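Next comes protein22.cif, a file with mmCIF, C-alpha atoms.
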```cif
data_data
loop_
_atom_site.label_atom_id
_atom_site.label_comp_id
_atom_site.auth_asym_id
_atom_site.auth_seq_id
_atom_site.Cartn_x
_atom_site.Cartn_y
_atom_site.Cartn_z
CA MET B 1 84.57 14.81 -131.83
CA PRO B 2 84.44 12.18 -129.17
CA PRO B 3 81.16 12.12 -127.32
CA TYR B 4 81.06 13.64 -123.91
CA LYS B 5 81.03 11.24 -121.00
CA SER B 6 77.91 11.38 -118.92
CA TYR B 7 78.10 11.42 -115.11
CA ASN B 8 75.35 10.75 -112.58
CA ARG B 9 75.18 13.75 -110.33
CA PRO B 10 73.67 13.42 -106.86
CA ASN B 11 70.14 14.65 -106.58
CA ARG B 12 70.17 17.25 -103.77
CA ARG B 13 66.41 17.39 -103.53
CA ARG B 14 66.15 13.61 -103.11
CA SER B 15 68.78 13.71 -100.34
CA ASN B 16 66.76 16.34 -98.45
CA GLY B 17 63.71 14.15 -98.77
CA ASN B 18 65.50 11.23 -97.05
CA LYS B 19 66.44 13.42 -94.13
CA LYS B 20 62.81 14.40 -93.66
CA SER B 21 61.69 10.76 -93.84
CA HIS B 22 64.06 9.89 -90.97
CA PHE B 23 62.85 12.87 -88.95
CA LYS B 24 59.11 12.03 -89.18
CA PRO B 25 59.16 8.80 -87.04
CA ILE B 26 61.16 10.58 -84.34
CA LEU B 27 58.66 13.45 -84.30
CA LYS B 28 55.70 11.05 -84.17
CA GLY B 29 57.26 9.12 -81.28
CA PHE B 30 57.88 12.33 -79.38
CA LEU B 31 54.28 13.45 -79.90
CA VAL B 32 52.94 10.08 -78.71
CA ILE B 33 55.05 10.24 -75.53
CA LEU B 34 53.90 13.79 -74.95
CA LEU B 35 50.26 12.81 -75.40
CA ILE B 36 50.53 9.85 -72.98
CA SER B 37 52.25 12.05 -70.41
CA ALA B 38 49.47 14.62 -70.70
CA VAL B 39 46.78 11.93 -70.22
CA ILE B 40 48.52 10.50 -67.12
CA PHE B 41 49.00 13.97 -65.64
CA GLY B 42 45.36 14.88 -66.31
CA PHE B 43 44.11 11.63 -64.76
CA TYR B 44 46.31 12.22 -61.70
CA LYS B 45 44.81 15.68 -61.26
CA ILE B 46 41.18 14.81 -61.90
CA THR B 47 40.97 11.55 -59.87
CA PRO B 48 40.71 13.25 -56.44
CA LEU B 49 37.98 15.51 -57.80
CA ILE B 50 36.00 12.52 -59.13
CA ALA B 51 36.37 10.68 -55.81
CA LYS B 52 35.13 13.75 -53.96
CA LEU B 53 32.12 14.20 -56.21
CA SER B 54 31.23 10.47 -56.16
CA GLY B 55 30.35 10.69 -52.49
CA ASP B 56 27.52 13.06 -53.35
CA ILE B 57 26.19 10.95 -56.21
CA LYS B 58 23.51 8.44 -55.29
CA ARG B 59 23.31 5.19 -57.20
CA PRO B 60 19.91 4.03 -58.47
CA GLN B 61 18.11 1.68 -56.09
CA TRP B 62 18.07 -1.18 -58.59
CA THR B 63 21.89 -1.33 -58.64
CA TYR B 64 22.02 -2.46 -54.99
CA PHE B 65 21.58 -6.04 -53.77
CA GLN B 66 18.45 -6.07 -51.64
CA VAL B 67 17.99 -9.27 -49.59
CA ASN B 68 14.83 -11.23 -50.21
CA ASP B 69 15.67 -14.17 -47.91
CA ILE B 70 18.60 -15.80 -46.06
CA VAL B 71 19.38 -19.45 -46.83
CA VAL B 72 21.68 -21.43 -44.51
CA LYS B 73 23.00 -24.84 -45.55
CA GLY B 74 25.21 -27.41 -43.81
CA THR B 75 23.79 -27.37 -40.27
CA ASP B 76 20.64 -28.14 -38.29
CA ASP B 77 17.53 -25.93 -38.36
CA GLU B 78 18.10 -24.49 -34.88
CA THR B 79 21.66 -23.34 -35.65
CA ALA B 80 20.54 -22.05 -39.05
CA LEU B 81 17.93 -19.90 -37.31
CA ASP B 82 20.54 -18.59 -34.85
CA ILE B 83 22.83 -17.66 -37.74
CA THR B 84 20.00 -15.85 -39.49
CA ASP B 85 19.24 -13.86 -36.35
CA ASP B 86 22.90 -12.92 -35.93
CA ILE B 87 23.18 -11.33 -39.38
CA SER B 88 22.87 -7.57 -39.47
CA TYR B 89 23.01 -5.34 -42.53
CA ASN B 90 22.00 -1.93 -43.79
CA GLU B 91 18.53 -0.47 -43.86
CA ASN B 92 16.07 -1.75 -46.48
CA GLY B 93 17.90 -5.11 -46.58
CA ILE B 94 20.73 -3.78 -48.75
CA ILE B 95 24.01 -5.76 -48.63
CA THR B 96 27.22 -4.74 -50.38
CA TYR B 97 30.27 -6.91 -51.06
CA LYS B 98 31.91 -5.29 -48.01
CA ASP B 99 28.95 -6.40 -45.89
CA VAL B 100 29.42 -9.95 -47.16
CA ALA B 101 33.05 -10.01 -45.99
CA LYS B 102 32.05 -8.54 -42.62
CA ILE B 103 29.29 -11.12 -42.11
CA LYS B 104 31.74 -13.93 -42.83
CA ARG B 105 34.29 -12.62 -40.32
CA GLU B 106 31.67 -12.23 -37.60
CA LEU B 107 30.22 -15.71 -38.12
CA LEU B 108 33.66 -17.38 -38.07
CA ALA B 109 34.50 -15.57 -34.83
CA LYS B 110 31.28 -16.66 -33.11
CA TYR B 111 30.73 -20.15 -34.50
CA THR B 112 34.12 -21.76 -33.89
CA ASN B 113 32.57 -25.20 -34.40
CA PHE B 114 32.53 -24.46 -38.13
CA GLU B 115 35.72 -25.14 -40.04
CA LYS B 116 34.57 -23.14 -43.06
CA ILE B 117 31.85 -20.57 -43.79
CA GLU B 118 30.94 -19.27 -47.24
CA VAL B 119 28.75 -16.20 -47.71
CA SER B 120 27.52 -15.21 -51.16
CA ARG B 121 24.77 -13.24 -52.88
CA LYS B 122 22.48 -14.91 -55.42
CA TYR B 123 21.35 -12.18 -57.78
CA LEU B 124 18.61 -14.15 -59.53
CA THR B 125 16.75 -15.04 -56.33
CA LYS B 126 18.01 -12.06 -54.28
CA ASN B 127 18.90 -14.50 -51.49
CA LEU B 128 21.87 -14.31 -49.18
CA TYR B 129 23.37 -17.79 -49.30
CA ILE B 130 25.40 -19.11 -46.34
CA LYS B 131 27.09 -22.52 -46.44
CA VAL B 132 28.88 -23.90 -43.36
CA LYS B 133 31.19 -26.86 -42.85
CA PRO B 134 31.21 -28.26 -39.30
CA ARG B 135 34.45 -29.46 -37.77
CA LYS B 136 34.91 -33.21 -37.30
CA PRO B 137 35.92 -33.88 -33.68
CA ILE B 138 38.25 -36.72 -32.74
CA ALA B 139 38.04 -36.33 -28.95
CA LYS B 140 36.04 -34.47 -26.33
CA THR B 141 36.43 -33.41 -22.71
CA CYS B 142 33.44 -32.34 -20.62
CA GLU B 143 32.93 -30.53 -17.35
CA GLY B 144 29.29 -30.86 -16.41
CA GLU B 145 27.20 -29.97 -19.45
CA VAL B 146 29.96 -27.94 -21.12
CA CYS B 147 32.07 -29.93 -23.57
CA HIS B 148 35.17 -28.97 -25.51
CA TYR B 149 36.09 -30.81 -28.68
CA ILE B 150 39.34 -31.31 -30.58
CA ASP B 151 39.34 -31.76 -34.34
CA GLY B 152 41.91 -33.54 -36.50
CA LYS B 153 43.91 -30.33 -36.92
CA GLY B 154 44.26 -29.85 -33.17
CA PHE B 155 41.73 -27.01 -32.93
CA VAL B 156 39.96 -26.86 -29.55
CA TYR B 157 36.40 -25.51 -29.60
CA LYS B 158 33.15 -25.56 -27.68
CA ASP B 159 29.91 -26.88 -29.09
CA GLU B 160 26.81 -26.99 -26.92
CA ILE B 161 24.63 -28.86 -29.39
CA GLN B 162 27.13 -31.42 -30.66
CA PRO B 163 25.26 -34.71 -31.03
CA SER B 164 26.44 -37.89 -29.35
CA LEU B 165 29.42 -39.09 -31.36
CA ASN B 166 31.55 -42.21 -31.22
CA ILE B 167 34.76 -40.38 -30.38
CA ILE B 168 37.41 -40.69 -27.68
CA ASP B 169 36.44 -39.43 -24.25
CA LEU B 170 39.29 -37.28 -22.95
CA LYS B 171 40.12 -37.07 -19.24
CA ILE B 172 42.64 -34.54 -17.97
CA GLU B 173 43.62 -35.23 -14.39
CA GLU B 174 45.25 -31.85 -13.71
CA GLY B 175 42.56 -29.69 -15.34
CA ALA B 176 41.60 -28.46 -18.80
CA SER B 177 43.70 -25.32 -18.37
CA ASN B 178 46.78 -27.49 -18.92
CA LEU B 179 45.65 -28.49 -22.40
CA ASP B 180 48.48 -26.68 -24.16
CA LYS B 181 49.76 -27.16 -27.70
CA LYS B 182 52.02 -30.09 -26.80
CA PHE B 183 49.18 -32.15 -25.34
CA VAL B 184 46.80 -31.23 -28.16
CA GLN B 185 49.34 -32.58 -30.67
CA LEU B 186 49.66 -35.73 -28.56
CA ILE B 187 45.89 -36.24 -28.62
CA VAL B 188 45.85 -35.90 -32.41
CA GLU B 189 48.73 -38.38 -32.70
CA LEU B 190 47.16 -40.95 -30.36
CA THR B 191 43.75 -40.78 -32.04
CA SER B 192 45.44 -41.28 -35.39
CA LEU B 193 47.30 -44.33 -34.04
CA ASN B 194 44.07 -45.63 -32.55
CA LYS B 195 42.51 -45.64 -36.00
CA LYS B 196 45.64 -46.98 -37.68
CA LEU B 197 46.16 -49.89 -35.26
CA ASN B 198 42.44 -50.49 -34.63
CA LEU B 199 42.88 -50.34 -30.85
CA ASN B 200 39.27 -49.34 -30.07
CA VAL B 201 40.26 -46.69 -27.52
CA GLU B 202 37.29 -45.44 -25.53
CA THR B 203 39.00 -43.10 -23.05
CA LEU B 204 42.28 -41.22 -23.11
CA VAL B 205 43.60 -40.11 -19.72
CA LEU B 206 46.26 -37.39 -19.71
CA GLN B 207 48.40 -37.11 -16.57
CA VAL B 208 49.77 -33.67 -17.31
CA GLU B 209 52.20 -33.22 -14.42
CA GLN B 210 53.63 -36.73 -14.88
CA GLU B 211 53.71 -36.29 -18.68
CA ASN B 212 52.05 -39.64 -19.07
CA ALA B 213 49.07 -40.99 -20.98
CA LYS B 214 46.76 -43.94 -20.36
CA LEU B 215 44.55 -45.46 -23.02
CA ILE B 216 41.49 -47.38 -21.88
CA LEU B 217 40.32 -49.78 -24.55
CA GLU B 218 37.12 -51.75 -24.80
CA ASN B 219 36.84 -54.71 -22.39
CA ASN B 220 38.55 -52.55 -19.77
CA ILE B 221 42.07 -53.08 -21.12
CA THR B 222 44.39 -50.25 -20.07
CA LEU B 223 47.64 -49.24 -21.75
CA ASN B 224 49.91 -47.19 -19.50
CA LEU B 225 52.41 -45.58 -21.86
CA GLY B 226 54.64 -44.39 -19.03
CA THR B 227 55.79 -41.43 -21.11
CA LEU B 228 54.73 -39.32 -24.07
CA GLU B 229 57.72 -40.32 -26.19
CA ASN B 230 57.86 -42.98 -28.94
CA SER B 231 54.11 -43.66 -28.71
CA GLU B 232 53.79 -45.52 -32.00
CA ALA B 233 56.40 -48.18 -31.15
CA ARG B 234 54.86 -48.72 -27.71
CA LEU B 235 51.33 -49.12 -29.07
CA LYS B 236 52.42 -51.48 -31.85
CA LYS B 237 54.06 -53.74 -29.27
CA ALA B 238 51.01 -53.52 -27.01
CA LYS B 239 48.80 -54.52 -29.94
CA LYS B 240 50.82 -57.70 -30.45
CA ILE B 241 50.65 -58.59 -26.75
CA ILE B 242 46.88 -58.03 -26.64
CA LYS B 243 46.45 -60.37 -29.58
CA TYR B 244 48.66 -62.97 -27.89
CA LEU B 245 46.68 -62.74 -24.62
CA GLN B 246 43.23 -63.01 -26.21
CA GLU B 247 42.63 -66.61 -25.11
CA GLU B 248 44.07 -66.39 -21.59
CA HIS B 249 43.18 -62.79 -20.66
CA SER B 250 40.42 -61.40 -22.83
CA ASP B 251 39.76 -58.32 -20.68
CA ASN B 252 40.26 -56.38 -17.45
CA TYR B 253 44.05 -55.97 -17.31
CA THR B 254 46.71 -53.28 -17.62
CA LEU B 255 49.84 -53.29 -19.75
CA ASN B 256 52.49 -51.07 -18.20
CA LEU B 257 54.89 -49.82 -20.89
CA LYS B 258 56.88 -47.56 -18.59
CA TYR B 259 60.00 -49.74 -18.98
CA PHE B 260 59.49 -50.39 -22.68
CA GLU B 261 62.90 -48.95 -23.57
CA ASN B 262 64.52 -51.58 -21.33
CA GLY B 263 62.67 -54.36 -23.10
CA LYS B 264 60.16 -54.94 -20.30
CA ILE B 265 56.37 -54.75 -20.31
CA TYR B 266 54.41 -55.60 -17.17
CA LEU B 267 50.97 -57.18 -17.07
CA ASN B 268 48.74 -56.40 -14.09
CA LEU B 269 45.24 -57.79 -13.62
CA ASN B 270 42.73 -55.09 -12.71
CA LYS B 271 40.95 -55.49 -9.38
#
```

For the file at hand, write its structure as C-alpha cells.
Amino acid sequence: MPPYKSYNRPNRRRSNGNKKSHFKPILKGFLVILLISAVIFGFYKITPLIAKLSGDIKRPQWTYFQVNDIVVKGTDDETALDITDDISYNENGIITYKDVAKIKRELLAKYTNFEKIEVSRKYLTKNLYIKVKPRKPIAKTCEGEVCHYIDGKGFVYKDEIQPSLNIIDLKIEEGASNLDKKFVQLIVELTSLNKKLNLNVETLVLQVEQENAKLILENNITLNLGTLENSEARLKKAKKIIKYLQEEHSDNYTLNLKYFENGKIYLNLNK
C-alpha cells in the first residue's frame, strides 16, 4: 500500500495565542492613557485645595532671606546713603524675590540719573547688593541751581549732585519747555558731530521758534547753521573754512551758513 501523504494542519491554539499577543499592547496603551488622565484630573482637583491650605502654613524662619546689611556700588557715598534710606522691606529685615523686583522699580523711578540698577541678594553674606550705572551726559541746561542733562540716548533727566563735567552747555532761547523730541535728537546729533569733527563746541544755542541752532566754539568762533537740516554737510564745510582762516582770523568771528544751499557762506567779525 502506498504510504499516506502527510499534511500540515493549522494549529488553532497557536492562532488564538497570536490574537491575544496583538491585544495585549492595545490594552496596555489604553490603561496607560487612563492612568495619565486620572493623574491630571486628580491634580486639577487637588491644586486649589493645596493653594488654599498653603496660606495657613508658615515657613521656617531660616528659609527666608533676612538682610544683614545693604551694599551700594557705582555711586558716591552720599547717594549710596540716600538709596539705603529709601529702601523699605518687611518686618525683621526679611526680603523676598518680589521685594527685590519692587525695590528695583522704585529706585529706577526715583533716581532717573541712573541708566541701570541691579538689585540682588547675597545668601552667603546675607547682604542686599545694589549696583547702579550712572548715565553719561553729553549736554546740560541750567536754570539757577537746577540743571537738566541729556545723555547719548536722548534721555533728559535732573541731577542735583552731578559734578562739573566737560560737556556742552545748552542754551534754549525760548525756554526749556520747548525741548521736545525733535530738538533732543538734534542735540544728540550735533554733539556726535562735534566729537567726530573735533569742533570743540562749548555752547549750543537752540532758537526754537526760528528752528535754528548756533554753535559757539572755543576762541569765540560761532557757527550759525541757519536751519536744522543737513547739519553734517554744513559743519564739514565750516570745519574746512576754519582751518583755512587760522592764520588770518584765529578767533572772534561768525560763519553764517544760512545760505549754504546756494553755495554761499558769510564771514562776520564779532564786535

- Run the PyMOL selection byres ((chain B and resi 167) around 6) mentally over the shown coordinates, then write out the matched residues as a list in words, using the chain letters and numbers from the document.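 Taken over the shown coordinates, the PyMOL selection byres ((chain B and resi 167) around 6) returns Ile138, Ala139, Leu165, Asn166 and Ile168 of chain B.
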
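Put simply, the PyMOL selection byres ((chain B and resi 98-106) around 7) in this file takes in Ile87, Tyr89, Ile95, Thr96, Tyr97, Leu107, Leu108, Ala109, Lys110, Ile117, Glu118, Val119 and Ser120 of chain B.
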
- One decimal, Å: what's the distance from CA of Glu232 (chain B) over to CA of Leu193 (chain B), could you say? 6.9 Å

- If you count all atoms listed in the file, which residues fall within 7 Å of Glu218 (chain B), apart from same-chain ones fewer than 5 positions away, as JSON, numbers by chain? {"B": [200, 201, 202]}

Counting only C-alpha atoms, find residues at most 9 Å from (45.9, -64.3, -16.8) (file frame) and give them as a PDB file with C-alpha atoms, keeping the file's coordinate frame.
```pdb
ATOM      1  CA  LEU B 245      46.680 -62.740 -24.620  1.00  0.00           C
ATOM      2  CA  GLU B 248      44.070 -66.390 -21.590  1.00  0.00           C
ATOM      3  CA  HIS B 249      43.180 -62.790 -20.660  1.00  0.00           C
ATOM      4  CA  SER B 250      40.420 -61.400 -22.830  1.00  0.00           C
ATOM      5  CA  TYR B 253      44.050 -55.970 -17.310  1.00  0.00           C
ATOM      6  CA  LEU B 267      50.970 -57.180 -17.070  1.00  0.00           C
ATOM      7  CA  ASN B 268      48.740 -56.400 -14.090  1.00  0.00           C
ATOM      8  CA  LEU B 269      45.240 -57.790 -13.620  1.00  0.00           C
TER       9      LEU B 269
END
```

- Residues near Ala213 (chain B), cut-off 10 Å, all atoms listed in the file, skip fewer than 5 positions along chain, as a ChimeraX atom specification: /B:171-172,183,186-187,190,204-208,223-228,231

Take the residues from that selection and put them in a file with C-alpha atoms, as a compact mmCIF listing (two decimals), in the coordinates of the input.
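Written out: part_25.txt:
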```txt
# COMPACT_ATOMS: atom_id res chain seq x y z
CA LYS B 171 40.12 -37.07 -19.24
CA ILE B 172 42.64 -34.54 -17.97
CA PHE B 183 49.18 -32.15 -25.34
CA LEU B 186 49.66 -35.73 -28.56
CA ILE B 187 45.89 -36.24 -28.62
CA LEU B 190 47.16 -40.95 -30.36
CA LEU B 204 42.28 -41.22 -23.11
CA VAL B 205 43.60 -40.11 -19.72
CA LEU B 206 46.26 -37.39 -19.71
CA GLN B 207 48.40 -37.11 -16.57
CA VAL B 208 49.77 -33.67 -17.31
CA LEU B 223 47.64 -49.24 -21.75
CA ASN B 224 49.91 -47.19 -19.50
CA LEU B 225 52.41 -45.58 -21.86
CA GLY B 226 54.64 -44.39 -19.03
CA THR B 227 55.79 -41.43 -21.11
CA LEU B 228 54.73 -39.32 -24.07
CA SER B 231 54.11 -43.66 -28.71
```

- Message: Running the PyMOL selection byres ((chain B and resi 147-159) around 9) on this model by hand, what would come out? Give it as a PyMOL selection string.
- Response: chain B and resi 111-113+135-146+160-162+181+184-185+187-188+191-192

- Task: Please measure the separation of CA of Glu189 (chain B) and CA of Gln210 (chain B), giving the value in Å to one decimal.
- Result: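 According to the coordinates, CA of Glu189 (chain B) and CA of Gln210 (chain B) are separated by 18.6 Å.
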
- Work out how far apart CA of Ile265 (chain B) and CA of Leu215 (chain B) are and give it in Å to one decimal.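 Atom-to-atom, CA of Ile265 (chain B) and CA of Leu215 (chain B) are spaced 15.3 Å apart.
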
Return as AutoDock Vina command-line options the centre and edge lengths, in Å with one decimal, of the box along x, y and z that encloses every atom of region 113-129 of chain B in the file, padded by 8 Å per side.
```
--center_x 26.2 --center_y -18.6 --center_z -47.0 --size_x 35.0 --size_y 29.1 --size_z 41.1
```

- Of the residues B:Ile221, B:Ile216, B:Leu128, B:Ala238, which is the one nearest to Gln66 (chain B), using only C-alpha atoms? B:Leu128

- Mind checking which residues fall within 9 Å of region 67-77 of chain B, counting only C-alpha atoms, ignoring those fewer than 6 positions away in the same chain, and posting them as a list in words?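 The contact residues come out as Ile83, Thr84, Asn92, Gly93, Ile94, Ile95, Arg121, Thr125, Lys126, Asn127, Leu128, Tyr129, Ile130, Lys131, Val132, Lys133 and Pro134 of chain B.
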
- Task: Go through B:Lys239, B:Lys196, B:Arg234, B:Lys116 one by one, measure the shortest atom-to-atom distance of each to Leu217 (chain B) using all atoms listed in the file, and give the residue with the smallest value.
- Result: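 Among B:Lys239, B:Lys196, B:Arg234, B:Lys116, it is B:Lys239 that comes nearest to Leu217 (chain B).
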
- Message: Nearest residue to Glu209 (chain B) out of B:Leu31, B:Glu173, B:Glu78, B:Asp180, using all atoms listed in the file?
- Response: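 Counting all atoms listed in the file, the residue closest to Glu209 (chain B) is B:Glu173.
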
Emit a file covering region 175-248 of chain B of the preceding structure with C-alpha atoms, as a PDB file, in the first residue's frame.
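Contents of decode-v6.pdb, as written:
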```
ATOM      1  CA  GLY B 175      12.524 128.119  27.265  1.00  0.00           C
ATOM      2  CA  ALA B 176      13.192 124.556  28.389  1.00  0.00           C
ATOM      3  CA  SER B 177       9.533 123.621  27.934  1.00  0.00           C
ATOM      4  CA  ASN B 178      10.161 123.598  24.178  1.00  0.00           C
ATOM      5  CA  LEU B 179      12.749 120.839  24.468  1.00  0.00           C
ATOM      6  CA  ASP B 180      10.664 118.282  22.599  1.00  0.00           C
ATOM      7  CA  LYS B 181      11.785 115.055  20.958  1.00  0.00           C
ATOM      8  CA  LYS B 182      12.878 116.732  17.713  1.00  0.00           C
ATOM      9  CA  PHE B 183      15.278 119.098  19.464  1.00  0.00           C
ATOM     10  CA  VAL B 184      16.598 116.386  21.760  1.00  0.00           C
ATOM     11  CA  GLN B 185      17.504 114.300  18.692  1.00  0.00           C
ATOM     12  CA  LEU B 186      19.179 117.367  17.189  1.00  0.00           C
ATOM     13  CA  ILE B 187      21.276 117.845  20.328  1.00  0.00           C
ATOM     14  CA  VAL B 188      22.397 114.211  20.208  1.00  0.00           C
ATOM     15  CA  GLU B 189      23.278 114.569  16.511  1.00  0.00           C
ATOM     16  CA  LEU B 190      25.222 117.819  16.970  1.00  0.00           C
ATOM     17  CA  THR B 191      27.191 116.521  19.954  1.00  0.00           C
ATOM     18  CA  SER B 192      28.081 113.430  17.949  1.00  0.00           C
ATOM     19  CA  LEU B 193      29.273 115.613  15.048  1.00  0.00           C
ATOM     20  CA  ASN B 194      31.217 117.767  17.481  1.00  0.00           C
ATOM     21  CA  LYS B 195      33.173 114.720  18.588  1.00  0.00           C
ATOM     22  CA  LYS B 196      33.510 113.346  15.067  1.00  0.00           C
ATOM     23  CA  LEU B 197      34.788 116.599  13.513  1.00  0.00           C
ATOM     24  CA  ASN B 198      36.686 117.752  16.621  1.00  0.00           C
ATOM     25  CA  LEU B 199      34.992 121.160  16.598  1.00  0.00           C
ATOM     26  CA  ASN B 200      35.468 121.862  20.327  1.00  0.00           C
ATOM     27  CA  VAL B 201      31.930 123.173  20.821  1.00  0.00           C
ATOM     28  CA  GLU B 202      31.484 124.858  24.187  1.00  0.00           C
ATOM     29  CA  THR B 203      27.907 126.149  23.892  1.00  0.00           C
ATOM     30  CA  LEU B 204      24.945 125.100  21.791  1.00  0.00           C
ATOM     31  CA  VAL B 205      22.217 127.719  21.372  1.00  0.00           C
ATOM     32  CA  LEU B 206      18.812 126.494  20.202  1.00  0.00           C
ATOM     33  CA  GLN B 207      16.494 129.102  18.668  1.00  0.00           C
ATOM     34  CA  VAL B 208      13.340 127.042  18.908  1.00  0.00           C
ATOM     35  CA  GLU B 209      10.854 129.335  17.171  1.00  0.00           C
ATOM     36  CA  GLN B 210      13.270 130.040  14.306  1.00  0.00           C
ATOM     37  CA  GLU B 211      14.260 126.341  14.117  1.00  0.00           C
ATOM     38  CA  ASN B 212      17.882 127.353  14.086  1.00  0.00           C
ATOM     39  CA  ALA B 213      20.993 126.353  16.004  1.00  0.00           C
ATOM     40  CA  LYS B 214      24.204 128.205  16.807  1.00  0.00           C
ATOM     41  CA  LEU B 215      27.394 126.502  17.894  1.00  0.00           C
ATOM     42  CA  ILE B 216      29.897 128.538  19.877  1.00  0.00           C
ATOM     43  CA  LEU B 217      33.356 127.040  19.639  1.00  0.00           C
ATOM     44  CA  GLU B 218      36.473 127.826  21.611  1.00  0.00           C
ATOM     45  CA  ASN B 219      38.151 131.157  20.744  1.00  0.00           C
ATOM     46  CA  ASN B 220      34.665 132.647  20.385  1.00  0.00           C
ATOM     47  CA  ILE B 221      34.053 131.250  16.897  1.00  0.00           C
ATOM     48  CA  THR B 222      30.319 130.984  16.164  1.00  0.00           C
ATOM     49  CA  LEU B 223      28.679 128.753  13.564  1.00  0.00           C
ATOM     50  CA  ASN B 224      25.178 129.881  12.634  1.00  0.00           C
ATOM     51  CA  LEU B 225      23.616 126.873  10.914  1.00  0.00           C
ATOM     52  CA  GLY B 226      20.630 128.863   9.681  1.00  0.00           C
ATOM     53  CA  THR B 227      18.454 125.756   9.792  1.00  0.00           C
ATOM     54  CA  LEU B 228      18.265 122.344  11.428  1.00  0.00           C
ATOM     55  CA  GLU B 229      18.548 120.455   8.144  1.00  0.00           C
ATOM     56  CA  ASN B 230      21.667 118.850   6.624  1.00  0.00           C
ATOM     57  CA  SER B 231      23.791 119.669   9.691  1.00  0.00           C
ATOM     58  CA  GLU B 232      26.661 117.318   8.896  1.00  0.00           C
ATOM     59  CA  ALA B 233      27.391 118.814   5.449  1.00  0.00           C
ATOM     60  CA  ARG B 234      27.257 122.347   6.865  1.00  0.00           C
ATOM     61  CA  LEU B 235      29.629 121.572   9.731  1.00  0.00           C
ATOM     62  CA  LYS B 236      32.101 119.738   7.498  1.00  0.00           C
ATOM     63  CA  LYS B 237      32.297 122.788   5.231  1.00  0.00           C
ATOM     64  CA  ALA B 238      32.627 125.099   8.248  1.00  0.00           C
ATOM     65  CA  LYS B 239      35.490 122.955   9.541  1.00  0.00           C
ATOM     66  CA  LYS B 240      37.397 123.432   6.284  1.00  0.00           C
ATOM     67  CA  ILE B 241      36.851 127.207   6.343  1.00  0.00           C
ATOM     68  CA  ILE B 242      38.008 127.465   9.968  1.00  0.00           C
ATOM     69  CA  LYS B 243      41.194 125.625   9.079  1.00  0.00           C
ATOM     70  CA  TYR B 244      41.736 127.920   6.094  1.00  0.00           C
ATOM     71  CA  LEU B 245      41.231 131.052   8.223  1.00  0.00           C
ATOM     72  CA  GLN B 246      43.548 130.008  11.056  1.00  0.00           C
ATOM     73  CA  GLU B 247      46.362 132.378  10.093  1.00  0.00           C
ATOM     74  CA  GLU B 248      44.267 135.435   9.194  1.00  0.00           C
TER      75      GLU B 248
END
```
